[in-house]
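*Asks:* Structure supplied as upload.cif; contents: mmCIF, C-alpha atoms.
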```cif
data_my_file
loop_
_atom_site.label_atom_id
_atom_site.label_comp_id
_atom_site.auth_asym_id
_atom_site.auth_seq_id
_atom_site.Cartn_x
_atom_site.Cartn_y
_atom_site.Cartn_z
CA LYS A 1 0.00 0.00 0.00
CA LYS A 2 2.97 2.31 0.52
CA GLY A 3 4.35 1.59 -2.94
CA LEU A 4 6.71 -1.36 -2.51
CA HIS A 5 6.74 -4.03 -5.22
CA VAL A 6 8.75 -7.22 -4.79
CA ILE A 7 10.05 -9.06 -7.86
CA GLY A 8 12.15 -12.21 -7.82
CA ILE A 9 14.70 -12.60 -10.61
CA THR A 10 15.88 -15.94 -11.98
CA GLY A 11 18.13 -17.18 -14.75
CA GLU A 12 16.09 -20.38 -15.06
CA ASP A 13 13.49 -20.70 -17.80
CA LYS A 14 9.73 -20.56 -17.32
CA ALA A 15 9.17 -24.32 -17.48
CA MET A 16 11.80 -24.97 -14.80
CA ASN A 17 10.19 -22.45 -12.46
CA LEU A 18 6.71 -23.85 -13.01
CA ARG A 19 7.97 -27.38 -12.37
CA TYR A 20 9.44 -26.15 -9.09
CA MET A 21 6.09 -24.67 -8.09
CA VAL A 22 4.13 -27.80 -9.04
CA HIS A 23 6.46 -30.32 -7.44
CA ASN A 24 7.97 -28.39 -4.53
CA ASP A 25 6.42 -25.09 -3.53
CA PRO A 26 3.45 -23.26 -5.09
CA GLY A 27 3.55 -20.55 -2.43
CA PHE A 28 5.21 -17.63 -4.22
CA ARG A 29 3.77 -14.34 -2.95
CA TYR A 30 5.60 -12.25 -5.53
CA LYS A 31 6.17 -12.01 -9.26
CA VAL A 32 9.16 -13.78 -10.78
CA ALA A 33 11.07 -12.29 -13.72
CA ILE A 34 12.49 -14.87 -16.11
CA GLY A 35 15.79 -14.51 -17.95
CA GLY A 36 18.22 -13.06 -15.43
CA ALA A 37 19.10 -9.54 -14.37
CA SER A 38 20.97 -8.03 -17.30
CA GLY A 39 22.55 -4.73 -16.27
CA TYR A 40 22.63 -5.58 -12.57
CA GLU A 41 25.91 -6.99 -11.31
CA MET A 42 25.32 -9.71 -8.73
CA PRO A 43 28.40 -11.21 -7.06
CA GLY A 44 26.37 -14.01 -5.49
CA VAL A 45 22.98 -15.43 -4.62
CA PRO A 46 20.89 -14.31 -2.83
CA PHE A 47 21.38 -10.67 -3.74
CA SER A 48 18.99 -7.75 -3.74
CA PHE A 49 18.45 -4.29 -5.18
CA LEU A 50 16.09 -1.59 -4.00
CA ILE A 51 15.08 0.76 -6.80
CA ASP A 52 13.73 4.03 -5.46
CA ALA A 53 10.88 6.17 -6.79
CA ASN A 54 13.27 8.00 -9.12
CA GLY A 55 14.56 4.80 -10.68
CA GLU A 56 17.90 4.94 -8.86
CA ILE A 57 19.51 2.11 -6.89
CA ALA A 58 18.96 2.94 -3.21
CA TYR A 59 20.45 -0.32 -1.96
CA ARG A 60 22.42 -3.27 -3.32
CA GLY A 61 23.63 -6.20 -1.28
CA SER A 62 22.42 -9.11 0.83
CA PRO A 63 18.66 -9.16 1.43
CA GLY A 64 19.41 -9.54 5.13
CA GLY A 65 21.20 -6.21 5.16
CA LEU A 66 18.31 -4.21 3.73
CA SER A 67 17.33 -2.09 6.70
CA LYS A 68 13.65 -1.27 6.93
CA LYS A 69 14.24 1.78 9.11
CA LYS A 70 17.37 3.23 7.45
CA VAL A 71 16.76 2.36 3.79
CA LEU A 72 13.30 1.06 2.95
CA LEU A 73 11.01 3.47 4.79
CA PRO A 74 12.95 6.61 3.73
CA ALA A 75 12.79 5.42 0.11
CA LEU A 76 9.04 4.83 0.36
CA LYS A 77 8.54 8.43 1.49
CA GLU A 78 9.64 9.49 -1.99
CA VAL A 79 6.81 7.56 -3.70
CA ARG A 80 4.46 9.89 -5.56
CA GLU A 81 1.48 9.71 -7.87
CA PRO A 82 2.52 9.23 -11.52
CA THR A 83 2.14 12.13 -13.92
CA ASP A 84 -0.38 11.97 -16.76
CA GLU A 85 2.44 11.18 -19.16
CA GLU A 86 3.67 8.34 -16.94
CA VAL A 87 0.15 6.94 -16.62
CA ALA A 88 -0.25 6.99 -20.39
CA ALA A 89 3.10 5.25 -20.95
CA ARG A 90 2.63 2.63 -18.24
CA SER A 91 -0.96 1.83 -19.13
CA GLN A 92 0.02 1.44 -22.79
CA LYS A 93 2.75 -1.03 -21.81
CA MET A 94 0.17 -3.02 -19.86
CA TYR A 95 -2.15 -2.91 -22.85
CA ASP A 96 0.56 -4.16 -25.20
CA PHE A 97 1.38 -6.95 -22.75
CA ALA A 98 -2.26 -8.09 -22.74
CA GLU A 99 -2.59 -7.70 -26.49
CA ALA A 100 0.38 -10.03 -27.02
CA PHE A 101 -1.57 -12.79 -25.28
CA ALA A 102 -4.65 -12.10 -27.40
CA ALA A 103 -2.54 -12.25 -30.57
CA ASP A 104 -1.22 -15.63 -29.40
CA LYS A 105 -4.83 -16.81 -28.86
CA MET A 106 -4.22 -17.01 -25.12
CA TYR A 107 -7.54 -15.37 -24.46
CA LEU A 108 -7.89 -16.11 -20.76
CA ARG A 109 -4.42 -14.71 -20.00
CA ALA A 110 -5.28 -11.68 -22.13
CA GLU A 111 -8.50 -11.11 -20.19
CA VAL A 112 -6.67 -11.26 -16.85
CA ALA A 113 -4.03 -8.81 -18.10
CA PHE A 114 -6.64 -6.41 -19.50
CA GLU A 115 -8.57 -6.54 -16.21
CA LYS A 116 -5.38 -5.75 -14.29
CA LEU A 117 -4.81 -2.71 -16.50
CA ILE A 118 -8.35 -1.49 -15.85
CA GLU A 119 -7.85 -2.00 -12.10
CA VAL A 120 -4.52 -0.15 -11.92
CA PHE A 121 -5.22 2.70 -14.37
CA PRO A 122 -9.06 2.88 -14.55
CA LYS A 123 -9.21 6.39 -16.01
CA SER A 124 -6.56 5.88 -18.68
CA GLU A 125 -7.26 5.82 -22.40
CA ALA A 126 -5.69 2.35 -22.53
CA ALA A 127 -8.21 1.08 -19.97
CA ALA A 128 -11.12 2.31 -22.06
CA THR A 129 -9.65 0.59 -25.10
CA ALA A 130 -9.06 -2.58 -23.07
CA LYS A 131 -12.76 -2.83 -22.17
CA GLU A 132 -13.71 -2.79 -25.83
CA ARG A 133 -10.87 -5.13 -26.80
CA MET A 134 -11.95 -7.78 -24.29
CA LYS A 135 -15.36 -7.94 -25.92
CA ALA A 136 -14.03 -7.92 -29.47
CA MET A 137 -11.35 -10.58 -29.00
CA LEU A 138 -13.90 -13.22 -28.01
CA GLU A 139 -15.72 -12.64 -31.28
CA GLU A 140 -12.70 -13.80 -33.28
CA ASP A 141 -12.97 -17.16 -35.04
CA GLY A 142 -12.57 -19.97 -32.54
CA ALA A 143 -11.97 -17.59 -29.64
CA LYS A 144 -14.86 -18.80 -27.49
CA ASP A 145 -13.76 -22.43 -27.84
CA GLU A 146 -10.19 -21.49 -26.93
CA TYR A 147 -11.36 -19.38 -23.99
CA ALA A 148 -13.55 -22.18 -22.61
CA ALA A 149 -10.72 -24.70 -23.01
CA GLN A 150 -8.24 -22.42 -21.28
CA LYS A 151 -10.59 -22.01 -18.32
CA LYS A 152 -10.61 -25.81 -17.93
CA ILE A 153 -6.83 -25.88 -18.03
CA ALA A 154 -6.58 -23.08 -15.46
CA LYS A 155 -8.93 -24.95 -13.13
CA LEU A 156 -6.74 -28.05 -13.30
CA VAL A 157 -3.51 -26.06 -12.87
CA GLY A 158 -4.95 -24.11 -9.97
CA GLY A 159 -4.35 -20.72 -11.58
CA VAL A 160 -4.19 -18.91 -14.91
CA GLU A 161 -0.43 -18.29 -15.01
CA ALA A 162 0.79 -20.74 -12.37
CA PRO A 163 -0.52 -22.71 -9.39
CA ASP A 164 -2.34 -20.55 -6.84
CA ALA A 165 0.16 -19.21 -4.30
CA SER A 166 -2.33 -19.86 -1.49
CA GLY A 167 -2.69 -23.51 -2.48
CA LYS A 168 -0.94 -26.50 -0.97
CA LYS A 169 1.75 -28.58 -2.61
CA LEU A 170 0.10 -31.35 -4.65
CA LYS A 171 0.53 -34.94 -3.60
CA SER A 172 2.18 -37.35 -6.04
CA LYS A 173 -1.14 -39.04 -6.85
CA GLN A 174 -2.73 -35.67 -7.63
CA VAL A 175 0.14 -34.84 -9.97
CA GLU A 176 -0.17 -38.20 -11.75
CA ALA A 177 -3.93 -37.73 -12.14
CA ALA A 178 -3.40 -34.26 -13.59
CA VAL A 179 -0.92 -35.61 -16.15
CA LYS A 180 -3.58 -37.99 -17.44
CA LYS A 181 -6.19 -35.23 -17.58
CA PHE A 182 -3.85 -32.92 -19.49
CA LYS A 183 -3.20 -35.69 -21.99
CA LYS A 184 -6.93 -36.11 -22.57
CA MET A 185 -7.34 -32.34 -22.91
CA THR A 186 -4.61 -32.28 -25.55
CA GLU A 187 -6.60 -34.81 -27.55
CA ASP A 188 -10.03 -33.27 -26.92
CA PHE A 189 -8.97 -29.70 -27.79
CA ALA A 190 -6.93 -30.58 -30.89
CA GLU A 191 -9.65 -29.80 -33.43
CA LYS A 192 -11.65 -26.86 -32.05
CA ALA A 193 -9.06 -25.27 -29.74
CA PRO A 194 -5.57 -26.08 -31.10
CA ARG A 195 -3.79 -23.35 -29.12
CA SER A 196 -5.31 -24.70 -25.93
CA ALA A 197 -4.24 -28.20 -26.94
CA GLU A 198 -0.66 -26.92 -27.14
CA LEU A 199 -1.07 -25.29 -23.73
CA ALA A 200 -2.43 -28.50 -22.22
CA GLU A 201 0.58 -30.39 -23.58
CA GLU A 202 2.94 -27.79 -22.09
CA TRP A 203 1.33 -28.24 -18.70
CA ARG A 204 1.36 -32.03 -19.05
CA ASN A 205 5.14 -31.90 -19.40
CA ILE A 206 5.48 -29.51 -16.46
CA PHE A 207 3.48 -31.87 -14.26
CA ARG A 208 5.07 -35.00 -15.76
CA ILE A 209 8.74 -33.95 -15.48
CA LYS A 210 9.77 -33.45 -11.89
CA TRP A 211 11.80 -30.43 -10.86
CA SER A 212 15.54 -30.96 -10.48
#
```
Can you turn what I pasted into structure tokens?
*Replies:*
Amino acid sequence: KKGLHVIGITGEDKAMNLRYMVHNDPGFRYKVAIGGASGYEMPGVPFSFLIDANGEIAYRGSPGGLSKKKVLLPALKEVREPTDEEVAARSQKMYDFAEAFAADKMYLRAEVAFEKLIEVFPKSEAAATAKERMKAMLEEDGAKDEYAAQKKIAKLVGGVEAPDASGKKLKSKQVEAAVKKFKKMTEDFAEKAPRSAELAEEWRNIFRIKWS
């Protein structure tokens, strides 16, 4: 509420991280950036950076050394409301992010991303466009079949992007049962929802191949 956002950074790929969540720990309470931290020199792991409201590095070092009183709270006092120009730029980035999912026929992910944009920047021009785009994208050929299929996949996964962070680690029998269900989904969706069939196969492999 004071303006702090926590982002984990990893050099591992998306599939590896999702396998970790499925087989070991679904309880991430923060976003995870995939692909490493290009531009940020990290001598070891764990390592942390605090970027202040002006985009400058206010702290770099061990997470344990990040003082709440001396570093974090003073930095949070500098948080301000974004300017109109910043709102326009940030909301457009969120719109483009959502639109990329729609273009990939990942309609459920697109809807979630559009809704997040509307929540964060409700009065922006991008939010108004997002409302119209959500309606229009489901009128595209095959979109409703894909959307319905992706909702079934999300229900089995326990979340749209990844397993629900509030959920418990799945037992081995639950994982095995899910693998079989994903396989059936791959077959069932092949004709009317081919993008969802690909997604189901991706998740089947994430559930099937244990994290290591």
*Asks:* Apply the PyMOL selection byres ((chain A and resi 30-40) around 9) to the file shown and report the selected residues as a PyMOL selection string.
*Replies:* chain A and resi 5-14+17+28-29+41-42+49+165
*Asks:* With distances taken over all atoms listed in the file, which of A:Lys70, A:Arg90, A:Lys192, A:Lys144 is nearest to Ile118 of chain A?
*Replies:*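 Counting all atoms listed in the file, the residue closest to Ile118 of chain A is A:Arg90.
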*Asks:* Taking (-0.1, -24.9, -18.6) in the file's coordinates, which residues come within 7 Å, counting all atoms listed in the file, written as a PyMOL selection string?
*Replies:* chain A and resi 153+157+199-200+202-203
*Asks:* Name the residues that the PyMOL selection byres ((chain A and resi 174-186) around 6) picks from the file above, as a compact mmCIF listing (two decimals) with C-alpha atoms, in the coordinates of the input, using the file's chain letters and numbers.
*Replies:*
```
# COMPACT_ATOMS: atom_id res chain seq x y z
CA LEU A 170 0.10 -31.35 -4.65
CA LYS A 171 0.53 -34.94 -3.60
CA SER A 172 2.18 -37.35 -6.04
CA LYS A 173 -1.14 -39.04 -6.85
CA GLU A 187 -6.60 -34.81 -27.55
CA ASP A 188 -10.03 -33.27 -26.92
CA PHE A 189 -8.97 -29.70 -27.79
CA ALA A 197 -4.24 -28.20 -26.94
CA ALA A 200 -2.43 -28.50 -22.22
CA GLU A 201 0.58 -30.39 -23.58
CA ARG A 204 1.36 -32.03 -19.05
```
*Asks:* Between atom CA of Trp211 of chain A and atom CA of Lys155 of chain A, what distance in Å does the model show, to one decimal?
*Replies:*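 Spanning atom CA of Trp211 of chain A to atom CA of Lys155 of chain A is a straight-line distance of 21.6 Å.
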*Asks:* I'd like the interatomic distance between atom CA of Lys68 of chain A and atom CA of Pro46 of chain A, to a tenth of an Å.
*Replies:*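 Separation between atom CA of Lys68 of chain A and atom CA of Pro46 of chain A: 17.8 Å.
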*Asks:* Can you list, as a ChimeraX atom specification, every protein, DNA or RNA residue that comes within 12 Å of Ala128 of chain A when you count all atoms listed in the file, leaving out same-chain residues fewer than 4 positions away?
*Replies:* /A:88,91-92,95,114-115,117-119,121-124,132-135
*Asks:* Which polymer residues have any atom within 12 Å of an atom of Met137 of chain A, counting all atoms listed in the file, with same-chain residues fewer than 3 positions away left out, as a ChimeraX atom specification?
*Replies:* /A:98-108,110-111,114,129-134,140-144,146-147
*Asks:* Where does the PyMOL selection byres ((chain A and resi 48) around 6) land in this file, that is, which residues does it pick, as a list in words?
*Replies:*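 Selected by the PyMOL selection byres ((chain A and resi 48) around 6) in this file: Phe47, Phe49, Arg60, Gly61, Ser62 and Pro63 of chain A.
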*Asks:* Which residue gives the smallest distance to Pro163 of chain A among A:Ile206, A:Val79, A:Leu73, A:Ala53, with only C-alpha atoms counted?
*Replies:*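 The answer is A:Ile206, which sits nearest to Pro163 of chain A.
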*Asks:* Just to confirm, what's the straight-line distance from atom CA of Pro194 of chain A to atom CA of Asp96 of chain A in Å (one decimal)?
*Replies:*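 So the two atoms, atom CA of Pro194 of chain A and atom CA of Asp96 of chain A, lie 23.5 Å apart.
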*Asks:* Which of these, A:Leu138, A:Val71, A:Ala113, A:Ile57, has the shortest distance to Glu161 of chain A once you count all atoms listed in the file?
*Replies:*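 With all atoms listed in the file as the atom set, the closest residue is A:Ala113.
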*Asks:* Which residue out of A:Ala15, A:Ile209, A:Val112, A:Val45 has the minimum interatomic distance to Val160 of chain A when all atoms listed in the file are used?
*Replies:*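 Closest candidate: A:Val112.
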*Asks:* Taking all atoms listed in the file into account, name the residue in A:Ala193, A:Arg109, A:Lys210, A:Asn24 that is nearest to Ala154 of chain A.
*Replies:* A:Arg109
*Asks:* Smallest atom-to-atom distance to Phe207 of chain A: which of A:Met94, A:Leu50, A:Val22, A:Ala127, using only C-alpha atoms?
*Replies:* A:Val22
*Asks:* Can you fill out segment 20-45 of chain A with N, CA, C and O atoms and hand it back as an mmCIF file, keeping the file's coordinate frame?
*Replies:*
```
data_model
loop_
_atom_site.group_PDB
_atom_site.id
_atom_site.type_symbol
_atom_site.label_atom_id
_atom_site.label_comp_id
_atom_site.auth_asym_id
_atom_site.auth_seq_id
_atom_site.Cartn_x
_atom_site.Cartn_y
_atom_site.Cartn_z
ATOM 1 N N TYR A 20 9.109 -26.323 -10.513
ATOM 2 C CA TYR A 20 9.440 -26.150 -9.090
ATOM 3 C C TYR A 20 8.173 -25.878 -8.279
ATOM 4 O O TYR A 20 7.972 -26.444 -7.201
ATOM 5 N N MET A 21 7.313 -25.016 -8.807
ATOM 6 C CA MET A 21 6.090 -24.670 -8.090
ATOM 7 C C MET A 21 5.154 -25.871 -7.967
ATOM 8 O O MET A 21 4.548 -26.103 -6.920
ATOM 9 N N VAL A 22 5.030 -26.646 -9.051
ATOM 10 C CA VAL A 22 4.130 -27.800 -9.040
ATOM 11 C C VAL A 22 4.629 -28.886 -8.109
ATOM 12 O O VAL A 22 3.858 -29.461 -7.323
ATOM 13 N N HIS A 23 5.926 -29.178 -8.162
ATOM 14 C CA HIS A 23 6.460 -30.320 -7.440
ATOM 15 C C HIS A 23 7.049 -30.000 -6.072
ATOM 16 O O HIS A 23 7.253 -30.915 -5.263
ATOM 17 N N ASN A 24 7.321 -28.718 -5.796
ATOM 18 C CA ASN A 24 7.970 -28.390 -4.530
ATOM 19 C C ASN A 24 7.249 -27.334 -3.706
ATOM 20 O O ASN A 24 6.987 -27.549 -2.531
ATOM 21 N N ASP A 25 6.964 -26.191 -4.320
ATOM 22 C CA ASP A 25 6.420 -25.090 -3.530
ATOM 23 C C ASP A 25 5.614 -24.131 -4.403
ATOM 24 O O ASP A 25 6.184 -23.347 -5.157
ATOM 25 N N PRO A 26 4.283 -24.168 -4.299
ATOM 26 C CA PRO A 26 3.450 -23.260 -5.090
ATOM 27 C C PRO A 26 3.293 -21.885 -4.437
ATOM 28 O O PRO A 26 2.656 -21.001 -4.997
ATOM 29 N N GLY A 27 3.882 -21.709 -3.250
ATOM 30 C CA GLY A 27 3.550 -20.550 -2.430
ATOM 31 C C GLY A 27 4.290 -19.261 -2.690
ATOM 32 O O GLY A 27 4.594 -18.530 -1.745
ATOM 33 N N PHE A 28 4.587 -18.920 -3.935
ATOM 34 C CA PHE A 28 5.210 -17.630 -4.220
ATOM 35 C C PHE A 28 4.206 -16.510 -3.968
ATOM 36 O O PHE A 28 3.081 -16.553 -4.435
ATOM 37 N N ARG A 29 4.632 -15.493 -3.231
ATOM 38 C CA ARG A 29 3.770 -14.340 -2.950
ATOM 39 C C ARG A 29 4.210 -13.127 -3.766
ATOM 40 O O ARG A 29 3.816 -12.008 -3.488
ATOM 41 N N TYR A 30 5.059 -13.348 -4.741
ATOM 42 C CA TYR A 30 5.600 -12.250 -5.530
ATOM 43 C C TYR A 30 5.786 -12.687 -6.969
ATOM 44 O O TYR A 30 5.788 -13.879 -7.275
ATOM 45 N N LYS A 31 5.936 -11.725 -7.855
ATOM 46 C CA LYS A 31 6.170 -12.010 -9.260
ATOM 47 C C LYS A 31 7.617 -12.473 -9.448
ATOM 48 O O LYS A 31 8.506 -12.086 -8.699
ATOM 49 N N VAL A 32 7.823 -13.303 -10.464
ATOM 50 C CA VAL A 32 9.160 -13.780 -10.780
ATOM 51 C C VAL A 32 9.502 -13.401 -12.214
ATOM 52 O O VAL A 32 8.766 -13.738 -13.144
ATOM 53 N N ALA A 33 10.600 -12.680 -12.394
ATOM 54 C CA ALA A 33 11.070 -12.290 -13.720
ATOM 55 C C ALA A 33 11.990 -13.374 -14.260
ATOM 56 O O ALA A 33 12.908 -13.817 -13.572
ATOM 57 N N ILE A 34 11.717 -13.792 -15.485
ATOM 58 C CA ILE A 34 12.490 -14.870 -16.110
ATOM 59 C C ILE A 34 13.583 -14.283 -17.002
ATOM 60 O O ILE A 34 13.365 -13.299 -17.696
ATOM 61 N N GLY A 35 14.763 -14.900 -16.992
ATOM 62 C CA GLY A 35 15.790 -14.510 -17.950
ATOM 63 C C GLY A 35 16.989 -13.797 -17.370
ATOM 64 O O GLY A 35 17.869 -13.346 -18.103
ATOM 65 N N GLY A 36 17.063 -13.685 -16.038
ATOM 66 C CA GLY A 36 18.220 -13.060 -15.430
ATOM 67 C C GLY A 36 18.091 -11.563 -15.268
ATOM 68 O O GLY A 36 17.091 -10.970 -15.650
ATOM 69 N N ALA A 37 19.137 -10.963 -14.692
ATOM 70 C CA ALA A 37 19.100 -9.540 -14.370
ATOM 71 C C ALA A 37 20.169 -8.794 -15.156
ATOM 72 O O ALA A 37 21.138 -8.288 -14.604
ATOM 73 N N SER A 38 20.005 -8.731 -16.451
ATOM 74 C CA SER A 38 20.970 -8.030 -17.300
ATOM 75 C C SER A 38 21.089 -6.573 -16.875
ATOM 76 O O SER A 38 20.097 -5.880 -16.692
ATOM 77 N N GLY A 39 22.328 -6.115 -16.682
ATOM 78 C CA GLY A 39 22.550 -4.730 -16.270
ATOM 79 C C GLY A 39 22.731 -4.568 -14.779
ATOM 80 O O GLY A 39 23.101 -3.492 -14.302
ATOM 81 N N TYR A 40 22.453 -5.620 -14.017
ATOM 82 C CA TYR A 40 22.630 -5.580 -12.570
ATOM 83 C C TYR A 40 23.697 -6.592 -12.176
ATOM 84 O O TYR A 40 23.497 -7.794 -12.326
ATOM 85 N N GLU A 41 24.808 -6.103 -11.685
ATOM 86 C CA GLU A 41 25.910 -6.990 -11.310
ATOM 87 C C GLU A 41 25.610 -7.648 -9.966
ATOM 88 O O GLU A 41 25.404 -6.973 -8.956
ATOM 89 N N MET A 42 25.599 -8.968 -9.957
ATOM 90 C CA MET A 42 25.320 -9.710 -8.730
ATOM 91 C C MET A 42 26.485 -10.653 -8.432
ATOM 92 O O MET A 42 26.698 -11.622 -9.162
ATOM 93 N N PRO A 43 27.249 -10.376 -7.388
ATOM 94 C CA PRO A 43 28.400 -11.210 -7.060
ATOM 95 C C PRO A 43 28.026 -12.576 -6.495
ATOM 96 O O PRO A 43 28.855 -13.482 -6.440
ATOM 97 N N GLY A 44 26.792 -12.735 -6.064
ATOM 98 C CA GLY A 44 26.370 -14.010 -5.490
ATOM 99 C C GLY A 44 24.874 -14.074 -5.353
ATOM 100 O O GLY A 44 24.157 -13.146 -5.707
ATOM 101 N N VAL A 45 24.414 -15.214 -4.848
ATOM 102 C CA VAL A 45 22.980 -15.430 -4.620
ATOM 103 C C VAL A 45 22.786 -15.905 -3.190
ATOM 104 O O VAL A 45 23.510 -16.795 -2.741
#
```
